[in-house]
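Novice: Input file: structure22.cif. Contents: mmCIF, N, CA and C atoms.
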```
data_my_file
#
loop_
_atom_site.label_atom_id
_atom_site.label_comp_id
_atom_site.auth_asym_id
_atom_site.auth_seq_id
_atom_site.Cartn_x
_atom_site.Cartn_y
_atom_site.Cartn_z
N MET C 5 2.00 21.32 15.53
CA MET C 5 1.50 22.63 15.88
C MET C 5 2.60 23.43 16.58
N THR C 6 2.63 24.68 16.29
CA THR C 6 3.58 25.54 16.97
C THR C 6 2.95 26.02 18.28
N ALA C 7 3.72 26.76 19.07
CA ALA C 7 3.22 27.25 20.35
C ALA C 7 2.02 28.17 20.17
N SER C 8 1.92 28.82 19.01
CA SER C 8 0.79 29.72 18.77
C SER C 8 -0.46 28.98 18.30
N GLY C 9 -0.35 27.65 18.12
CA GLY C 9 -1.50 26.88 17.69
C GLY C 9 -1.65 26.75 16.19
N HIS C 10 -0.71 27.29 15.43
CA HIS C 10 -0.75 27.21 13.97
C HIS C 10 0.15 26.07 13.51
N PRO C 11 -0.17 25.45 12.36
CA PRO C 11 0.69 24.39 11.85
C PRO C 11 2.05 24.95 11.45
N PRO C 12 3.12 24.11 11.52
CA PRO C 12 4.45 24.58 11.15
C PRO C 12 4.53 24.91 9.66
N LEU C 13 5.40 25.82 9.32
CA LEU C 13 5.59 26.24 7.94
C LEU C 13 6.94 25.76 7.44
N ASP C 14 7.04 25.50 6.14
CA ASP C 14 8.33 25.10 5.57
C ASP C 14 9.13 26.35 5.22
N ALA C 15 10.24 26.18 4.48
CA ALA C 15 11.15 27.28 4.18
C ALA C 15 10.48 28.39 3.36
N GLU C 16 9.50 28.02 2.52
CA GLU C 16 8.82 29.03 1.69
C GLU C 16 7.67 29.70 2.42
N GLY C 17 7.41 29.30 3.66
CA GLY C 17 6.33 29.91 4.42
C GLY C 17 4.97 29.28 4.18
N THR C 18 4.94 28.09 3.56
CA THR C 18 3.68 27.39 3.34
C THR C 18 3.56 26.24 4.34
N GLU C 19 2.35 25.78 4.51
CA GLU C 19 2.09 24.69 5.44
C GLU C 19 2.75 23.40 4.94
N THR C 20 3.39 22.64 5.84
CA THR C 20 4.05 21.40 5.42
C THR C 20 3.00 20.37 5.02
N PHE C 21 3.34 19.53 4.06
CA PHE C 21 2.41 18.54 3.51
C PHE C 21 1.87 17.61 4.59
N VAL C 22 2.70 17.20 5.50
CA VAL C 22 2.29 16.25 6.54
C VAL C 22 1.18 16.83 7.41
N GLU C 23 1.15 18.13 7.59
CA GLU C 23 0.17 18.76 8.46
C GLU C 23 -1.15 19.09 7.75
N THR C 24 -1.23 18.81 6.45
CA THR C 24 -2.45 19.12 5.71
C THR C 24 -3.40 17.93 5.73
N ARG C 25 -4.64 18.17 5.31
CA ARG C 25 -5.62 17.08 5.21
C ARG C 25 -5.14 16.05 4.19
N ALA C 26 -4.62 16.51 3.07
CA ALA C 26 -4.12 15.59 2.04
C ALA C 26 -2.97 14.75 2.58
N GLY C 27 -2.10 15.35 3.38
CA GLY C 27 -0.98 14.62 3.96
C GLY C 27 -1.44 13.56 4.94
N SER C 28 -2.45 13.87 5.74
CA SER C 28 -2.94 12.87 6.69
C SER C 28 -3.64 11.73 5.97
N LEU C 29 -4.37 12.03 4.90
CA LEU C 29 -5.01 10.96 4.13
C LEU C 29 -3.98 10.13 3.38
N PHE C 30 -2.90 10.77 2.93
CA PHE C 30 -1.81 10.02 2.29
C PHE C 30 -1.22 9.03 3.29
N PHE C 31 -1.01 9.47 4.51
CA PHE C 31 -0.48 8.58 5.55
C PHE C 31 -1.45 7.42 5.80
N LEU C 32 -2.74 7.69 5.84
CA LEU C 32 -3.73 6.64 6.04
C LEU C 32 -3.67 5.63 4.89
N ASN C 33 -3.49 6.11 3.66
CA ASN C 33 -3.36 5.19 2.52
C ASN C 33 -2.13 4.30 2.67
N ALA C 34 -1.04 4.87 3.16
CA ALA C 34 0.19 4.08 3.36
C ALA C 34 -0.04 3.01 4.41
N VAL C 35 -0.75 3.35 5.48
CA VAL C 35 -1.03 2.37 6.53
C VAL C 35 -1.92 1.25 5.99
N LEU C 36 -2.92 1.61 5.18
CA LEU C 36 -3.82 0.60 4.62
C LEU C 36 -3.14 -0.29 3.59
N ALA C 37 -2.10 0.19 2.95
CA ALA C 37 -1.36 -0.63 1.98
C ALA C 37 -0.33 -1.51 2.68
N GLY C 38 -0.03 -1.23 3.93
CA GLY C 38 1.00 -1.97 4.67
C GLY C 38 0.83 -3.48 4.69
N PRO C 39 -0.34 -4.01 5.05
CA PRO C 39 -0.48 -5.47 5.09
C PRO C 39 -0.22 -6.14 3.75
N THR C 40 -0.66 -5.51 2.68
CA THR C 40 -0.42 -6.08 1.35
C THR C 40 1.06 -6.08 1.03
N LEU C 41 1.73 -4.98 1.33
CA LEU C 41 3.17 -4.89 1.06
C LEU C 41 3.96 -5.86 1.93
N LEU C 42 3.46 -6.12 3.13
CA LEU C 42 4.12 -7.07 4.04
C LEU C 42 4.11 -8.47 3.44
N VAL C 43 3.05 -8.81 2.74
CA VAL C 43 2.97 -10.12 2.09
C VAL C 43 3.76 -10.11 0.78
N LEU C 44 3.70 -9.02 0.03
CA LEU C 44 4.37 -8.98 -1.27
C LEU C 44 5.89 -9.00 -1.16
N TRP C 45 6.45 -8.40 -0.11
CA TRP C 45 7.90 -8.32 0.00
C TRP C 45 8.56 -9.71 0.00
N PRO C 46 8.15 -10.64 0.88
CA PRO C 46 8.79 -11.96 0.83
C PRO C 46 8.54 -12.68 -0.49
N VAL C 47 7.38 -12.47 -1.10
CA VAL C 47 7.09 -13.10 -2.39
C VAL C 47 8.06 -12.58 -3.45
N LEU C 48 8.28 -11.27 -3.48
CA LEU C 48 9.19 -10.69 -4.47
C LEU C 48 10.64 -11.10 -4.22
N VAL C 49 11.06 -11.11 -2.95
CA VAL C 49 12.43 -11.52 -2.63
C VAL C 49 12.64 -12.99 -3.00
N ARG C 50 11.68 -13.82 -2.64
CA ARG C 50 11.78 -15.25 -2.96
C ARG C 50 11.85 -15.45 -4.47
N GLY C 51 11.00 -14.74 -5.21
CA GLY C 51 11.02 -14.86 -6.67
C GLY C 51 12.33 -14.40 -7.27
N ALA C 52 12.87 -13.30 -6.76
CA ALA C 52 14.16 -12.79 -7.28
C ALA C 52 15.29 -13.76 -6.96
N LEU C 53 15.31 -14.28 -5.75
CA LEU C 53 16.37 -15.23 -5.38
C LEU C 53 16.28 -16.52 -6.19
N ARG C 54 15.08 -16.99 -6.43
CA ARG C 54 14.92 -18.21 -7.24
C ARG C 54 15.28 -17.94 -8.70
N ALA C 55 14.97 -16.75 -9.20
CA ALA C 55 15.32 -16.40 -10.58
C ALA C 55 16.83 -16.32 -10.77
N MET C 56 17.55 -15.87 -9.73
CA MET C 56 19.00 -15.78 -9.81
C MET C 56 19.68 -17.12 -9.53
N GLY C 57 18.90 -18.11 -9.09
CA GLY C 57 19.45 -19.41 -8.78
C GLY C 57 20.06 -19.50 -7.39
N ALA C 58 19.84 -18.48 -6.56
CA ALA C 58 20.41 -18.47 -5.21
C ALA C 58 19.55 -19.23 -4.21
N LEU C 59 18.33 -19.58 -4.57
CA LEU C 59 17.42 -20.27 -3.67
C LEU C 59 16.75 -21.39 -4.42
N GLU C 60 16.97 -22.61 -3.94
CA GLU C 60 16.32 -23.77 -4.55
C GLU C 60 15.54 -24.50 -3.48
N GLY C 61 14.37 -24.96 -3.82
CA GLY C 61 13.53 -25.68 -2.87
C GLY C 61 12.84 -24.74 -1.90
N PRO C 62 12.18 -25.32 -0.91
CA PRO C 62 11.45 -24.48 0.06
C PRO C 62 12.40 -23.70 0.98
N SER C 63 11.92 -22.55 1.43
CA SER C 63 12.69 -21.70 2.33
C SER C 63 11.88 -21.49 3.61
N SER C 64 12.48 -21.85 4.75
CA SER C 64 11.76 -21.67 6.02
C SER C 64 11.62 -20.20 6.38
N LEU C 65 12.45 -19.34 5.79
CA LEU C 65 12.38 -17.91 6.08
C LEU C 65 11.38 -17.19 5.17
N LEU C 66 11.37 -17.54 3.89
CA LEU C 66 10.58 -16.78 2.92
C LEU C 66 9.24 -17.41 2.56
N ASP C 67 9.00 -18.67 2.90
CA ASP C 67 7.75 -19.32 2.50
C ASP C 67 6.59 -19.18 3.48
N PRO C 68 6.78 -19.01 4.79
CA PRO C 68 5.62 -18.98 5.69
C PRO C 68 4.64 -17.83 5.43
N VAL C 69 5.13 -16.63 5.16
CA VAL C 69 4.22 -15.49 4.95
C VAL C 69 3.37 -15.70 3.70
N PRO C 70 3.95 -16.04 2.54
CA PRO C 70 3.10 -16.29 1.37
C PRO C 70 2.17 -17.49 1.56
N ALA C 71 2.61 -18.51 2.30
CA ALA C 71 1.75 -19.67 2.54
C ALA C 71 0.54 -19.27 3.38
N LEU C 72 0.77 -18.48 4.40
CA LEU C 72 -0.34 -18.00 5.22
C LEU C 72 -1.27 -17.11 4.39
N ALA C 73 -0.70 -16.26 3.58
CA ALA C 73 -1.51 -15.39 2.74
C ALA C 73 -2.33 -16.20 1.74
N ALA C 74 -1.77 -17.27 1.22
CA ALA C 74 -2.49 -18.10 0.26
C ALA C 74 -3.67 -18.81 0.92
N SER C 75 -3.54 -19.15 2.20
CA SER C 75 -4.64 -19.84 2.86
C SER C 75 -5.71 -18.89 3.39
N VAL C 76 -5.31 -17.71 3.84
CA VAL C 76 -6.25 -16.75 4.43
C VAL C 76 -6.68 -15.70 3.42
N GLY C 77 -5.82 -15.36 2.50
CA GLY C 77 -6.05 -14.26 1.57
C GLY C 77 -7.36 -14.29 0.82
N PRO C 78 -7.73 -15.42 0.23
CA PRO C 78 -8.99 -15.42 -0.53
C PRO C 78 -10.22 -15.06 0.31
N TRP C 79 -10.14 -15.25 1.59
CA TRP C 79 -11.27 -14.93 2.45
C TRP C 79 -11.33 -13.45 2.80
N ILE C 80 -10.18 -12.77 2.81
CA ILE C 80 -10.17 -11.37 3.25
C ILE C 80 -9.67 -10.38 2.18
N ALA C 81 -9.25 -10.89 1.03
CA ALA C 81 -8.68 -10.00 -0.01
C ALA C 81 -9.69 -9.00 -0.54
N TRP C 82 -10.97 -9.34 -0.52
CA TRP C 82 -11.99 -8.42 -1.02
C TRP C 82 -12.00 -7.12 -0.21
N LEU C 83 -11.42 -7.14 1.00
CA LEU C 83 -11.36 -5.93 1.81
C LEU C 83 -10.48 -4.85 1.18
N SER C 84 -9.70 -5.21 0.17
CA SER C 84 -8.87 -4.22 -0.53
C SER C 84 -9.71 -3.22 -1.30
N VAL C 85 -11.00 -3.48 -1.45
CA VAL C 85 -11.88 -2.53 -2.12
C VAL C 85 -11.92 -1.22 -1.35
N LEU C 86 -11.94 -1.28 -0.03
CA LEU C 86 -12.03 -0.07 0.79
C LEU C 86 -10.80 0.82 0.63
N PRO C 87 -9.56 0.31 0.83
CA PRO C 87 -8.42 1.20 0.62
C PRO C 87 -8.27 1.64 -0.84
N LEU C 88 -8.69 0.79 -1.78
CA LEU C 88 -8.63 1.18 -3.19
C LEU C 88 -9.54 2.38 -3.45
N ALA C 89 -10.75 2.34 -2.93
CA ALA C 89 -11.67 3.46 -3.12
C ALA C 89 -11.14 4.74 -2.47
N LEU C 90 -10.57 4.61 -1.27
CA LEU C 90 -10.02 5.78 -0.59
C LEU C 90 -8.82 6.34 -1.36
N THR C 91 -7.97 5.46 -1.87
CA THR C 91 -6.79 5.90 -2.61
C THR C 91 -7.20 6.62 -3.89
N ILE C 92 -8.16 6.06 -4.62
CA ILE C 92 -8.62 6.71 -5.85
C ILE C 92 -9.24 8.07 -5.53
N ARG C 93 -9.99 8.13 -4.44
CA ARG C 93 -10.59 9.42 -4.03
C ARG C 93 -9.50 10.45 -3.70
N ASN C 94 -8.45 9.99 -3.03
CA ASN C 94 -7.38 10.90 -2.64
C ASN C 94 -6.53 11.35 -3.83
N LEU C 95 -6.53 10.60 -4.90
CA LEU C 95 -5.80 11.03 -6.10
C LEU C 95 -6.42 12.29 -6.70
N GLY C 96 -7.67 12.59 -6.36
CA GLY C 96 -8.31 13.80 -6.85
C GLY C 96 -7.90 15.05 -6.10
N MET C 97 -7.17 14.89 -4.99
CA MET C 97 -6.74 16.05 -4.21
C MET C 97 -5.46 16.64 -4.79
N GLU C 98 -5.17 17.86 -4.40
CA GLU C 98 -3.92 18.49 -4.81
C GLU C 98 -2.80 17.89 -3.98
N LEU C 99 -1.85 17.23 -4.65
CA LEU C 99 -0.77 16.52 -3.97
C LEU C 99 0.57 16.82 -4.62
N PRO C 100 1.67 16.68 -3.86
CA PRO C 100 3.00 16.75 -4.49
C PRO C 100 3.18 15.59 -5.47
N THR C 101 4.06 15.75 -6.40
CA THR C 101 4.27 14.74 -7.44
C THR C 101 4.65 13.39 -6.86
N THR C 102 5.55 13.36 -5.89
CA THR C 102 5.97 12.07 -5.31
C THR C 102 4.81 11.38 -4.59
N ALA C 103 3.99 12.14 -3.91
CA ALA C 103 2.83 11.56 -3.23
C ALA C 103 1.84 10.99 -4.25
N ARG C 104 1.66 11.70 -5.35
CA ARG C 104 0.74 11.22 -6.39
C ARG C 104 1.24 9.91 -7.00
N TRP C 105 2.53 9.81 -7.27
CA TRP C 105 3.08 8.57 -7.83
C TRP C 105 3.00 7.42 -6.83
N THR C 106 3.20 7.73 -5.56
CA THR C 106 3.09 6.70 -4.53
C THR C 106 1.65 6.20 -4.43
N LEU C 107 0.69 7.10 -4.49
CA LEU C 107 -0.71 6.68 -4.46
C LEU C 107 -1.06 5.84 -5.68
N ARG C 108 -0.50 6.16 -6.81
CA ARG C 108 -0.73 5.34 -8.01
C ARG C 108 -0.16 3.93 -7.80
N ALA C 109 0.98 3.84 -7.15
CA ALA C 109 1.54 2.52 -6.85
C ALA C 109 0.63 1.76 -5.89
N PHE C 110 0.05 2.47 -4.91
CA PHE C 110 -0.89 1.82 -3.99
C PHE C 110 -2.12 1.31 -4.74
N VAL C 111 -2.60 2.08 -5.71
CA VAL C 111 -3.73 1.63 -6.53
C VAL C 111 -3.35 0.34 -7.26
N ALA C 112 -2.16 0.29 -7.82
CA ALA C 112 -1.71 -0.92 -8.52
C ALA C 112 -1.64 -2.10 -7.56
N VAL C 113 -1.14 -1.87 -6.36
CA VAL C 113 -1.06 -2.95 -5.37
C VAL C 113 -2.45 -3.46 -5.01
N HIS C 114 -3.37 -2.55 -4.74
CA HIS C 114 -4.73 -2.97 -4.37
C HIS C 114 -5.44 -3.67 -5.53
N LEU C 115 -5.24 -3.19 -6.76
CA LEU C 115 -5.82 -3.86 -7.91
C LEU C 115 -5.23 -5.25 -8.10
N GLY C 116 -3.92 -5.39 -7.83
CA GLY C 116 -3.28 -6.70 -7.91
C GLY C 116 -3.87 -7.67 -6.90
N VAL C 117 -4.11 -7.20 -5.69
CA VAL C 117 -4.72 -8.07 -4.67
C VAL C 117 -6.12 -8.48 -5.10
N LEU C 118 -6.89 -7.54 -5.63
CA LEU C 118 -8.25 -7.88 -6.07
C LEU C 118 -8.23 -8.84 -7.26
N ALA C 119 -7.27 -8.69 -8.16
CA ALA C 119 -7.15 -9.62 -9.28
C ALA C 119 -6.78 -11.00 -8.77
N TRP C 120 -5.84 -11.06 -7.82
CA TRP C 120 -5.45 -12.35 -7.23
C TRP C 120 -6.65 -13.00 -6.56
N TRP C 121 -7.44 -12.20 -5.83
CA TRP C 121 -8.62 -12.71 -5.16
C TRP C 121 -9.63 -13.26 -6.18
N GLY C 122 -9.83 -12.49 -7.26
CA GLY C 122 -10.76 -12.95 -8.28
C GLY C 122 -10.32 -14.26 -8.91
N LEU C 123 -9.03 -14.38 -9.19
CA LEU C 123 -8.52 -15.63 -9.75
C LEU C 123 -8.63 -16.79 -8.76
N ALA C 124 -8.43 -16.52 -7.46
CA ALA C 124 -8.53 -17.56 -6.45
C ALA C 124 -9.98 -18.02 -6.29
N VAL C 125 -10.92 -17.11 -6.42
CA VAL C 125 -12.33 -17.48 -6.27
C VAL C 125 -12.82 -18.22 -7.51
N ILE C 126 -12.43 -17.76 -8.70
CA ILE C 126 -12.88 -18.38 -9.94
C ILE C 126 -12.21 -19.73 -10.16
N GLY C 127 -10.89 -19.75 -9.96
CA GLY C 127 -10.13 -20.96 -10.28
C GLY C 127 -9.80 -21.69 -9.09
#
```
What would you get if you wrote out this structure as structure tokens?
Specialist:
Amino acid sequence: MTASGHPPLDAEGTETFVETRAGSLFFLNAVLAGPTLLVLWPVLVRGALRAMGALEGPSSLLDPVPALAASVGPWIAWLSVLPLALTIRNLGMELPTTARWTLRAFVAVHLGVLAWWGLAVIG
């Protein structure tokens, strides 16, 4: 907010995205995707390192987070339904192109978690 109580404007004289309702909901979606991304990062790094042959056997640095997620995840993964619903709802808002693509990536992440949960429950 500026001293006059109005939101700040960008160079074109329009309200900045961060100060809009869509911007605040985008930030909320990013926060809700955070725990999933925190688990996926070590899994992806570990997979890439093993694929390149740079990591063989167990890793004390990269294995604890996925191991914890594997033991706790099936019990709480269904909670991804809530951020998924919010993200899909927010895709209906008017958003900048980069924000829209980022929200689509969040949808993919949440769907991946739900698919993993479904496979863990079934199998």
Novice: Mind checking which residues fall within 6 Å of stretch 110-122 of chain C, counting all atoms listed in the file, ignoring those fewer than 6 positions away in the same chain, and posting them as a PyMOL selection string?
Specialist: chain C and resi 78+81+84+88
Novice: Work out how far atom CA of C:Trp79 is from atom CA of C:Ala124, in Å to one decimal.
Specialist: 9.7 Å
Novice: For the structure I just gave you, how does DSSP split chain C - specifically, which residues are helix (DSSP H, G or I)? Reply as a ChimeraX atom specification.
Specialist: /C:21-23,25-56,68-94,101-126
Novice: What is the distance between atom CA of C:Pro62 and atom CA of C:Leu41, in Å to one decimal?
Specialist: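 Pair atom CA of C:Pro62 / atom CA of C:Leu41 returns 21.3 Å.
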Novice: Could you give me the axis-aligned bounding box of stretch 113-117 of chain C, with 3 Å of padding per side, as centre plus edge lengths in Å to one decimal, as AutoDock Vina command-line options?
Specialist:
```
--center_x -3.6 --center_y -5.2 --center_z -6.2 --size_x 11.1 --size_y 12.6 --size_z 9.7
```
Novice: Kindly give the distance, in Å, that separates atom CA of C:Thr20 and atom C of C:Met97, rounded to a single decimal.
Specialist: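 Calculated distance between atom CA of C:Thr20 and atom C of C:Met97 is 14.7 Å.
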Novice: Of the residues C:Val22, C:Leu48, C:Ile92, C:Ala71, which is the one nearest to C:Arg104, using only C-alpha atoms?
Specialist: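 Distance minimum relative to C:Arg104 lands on C:Ile92.
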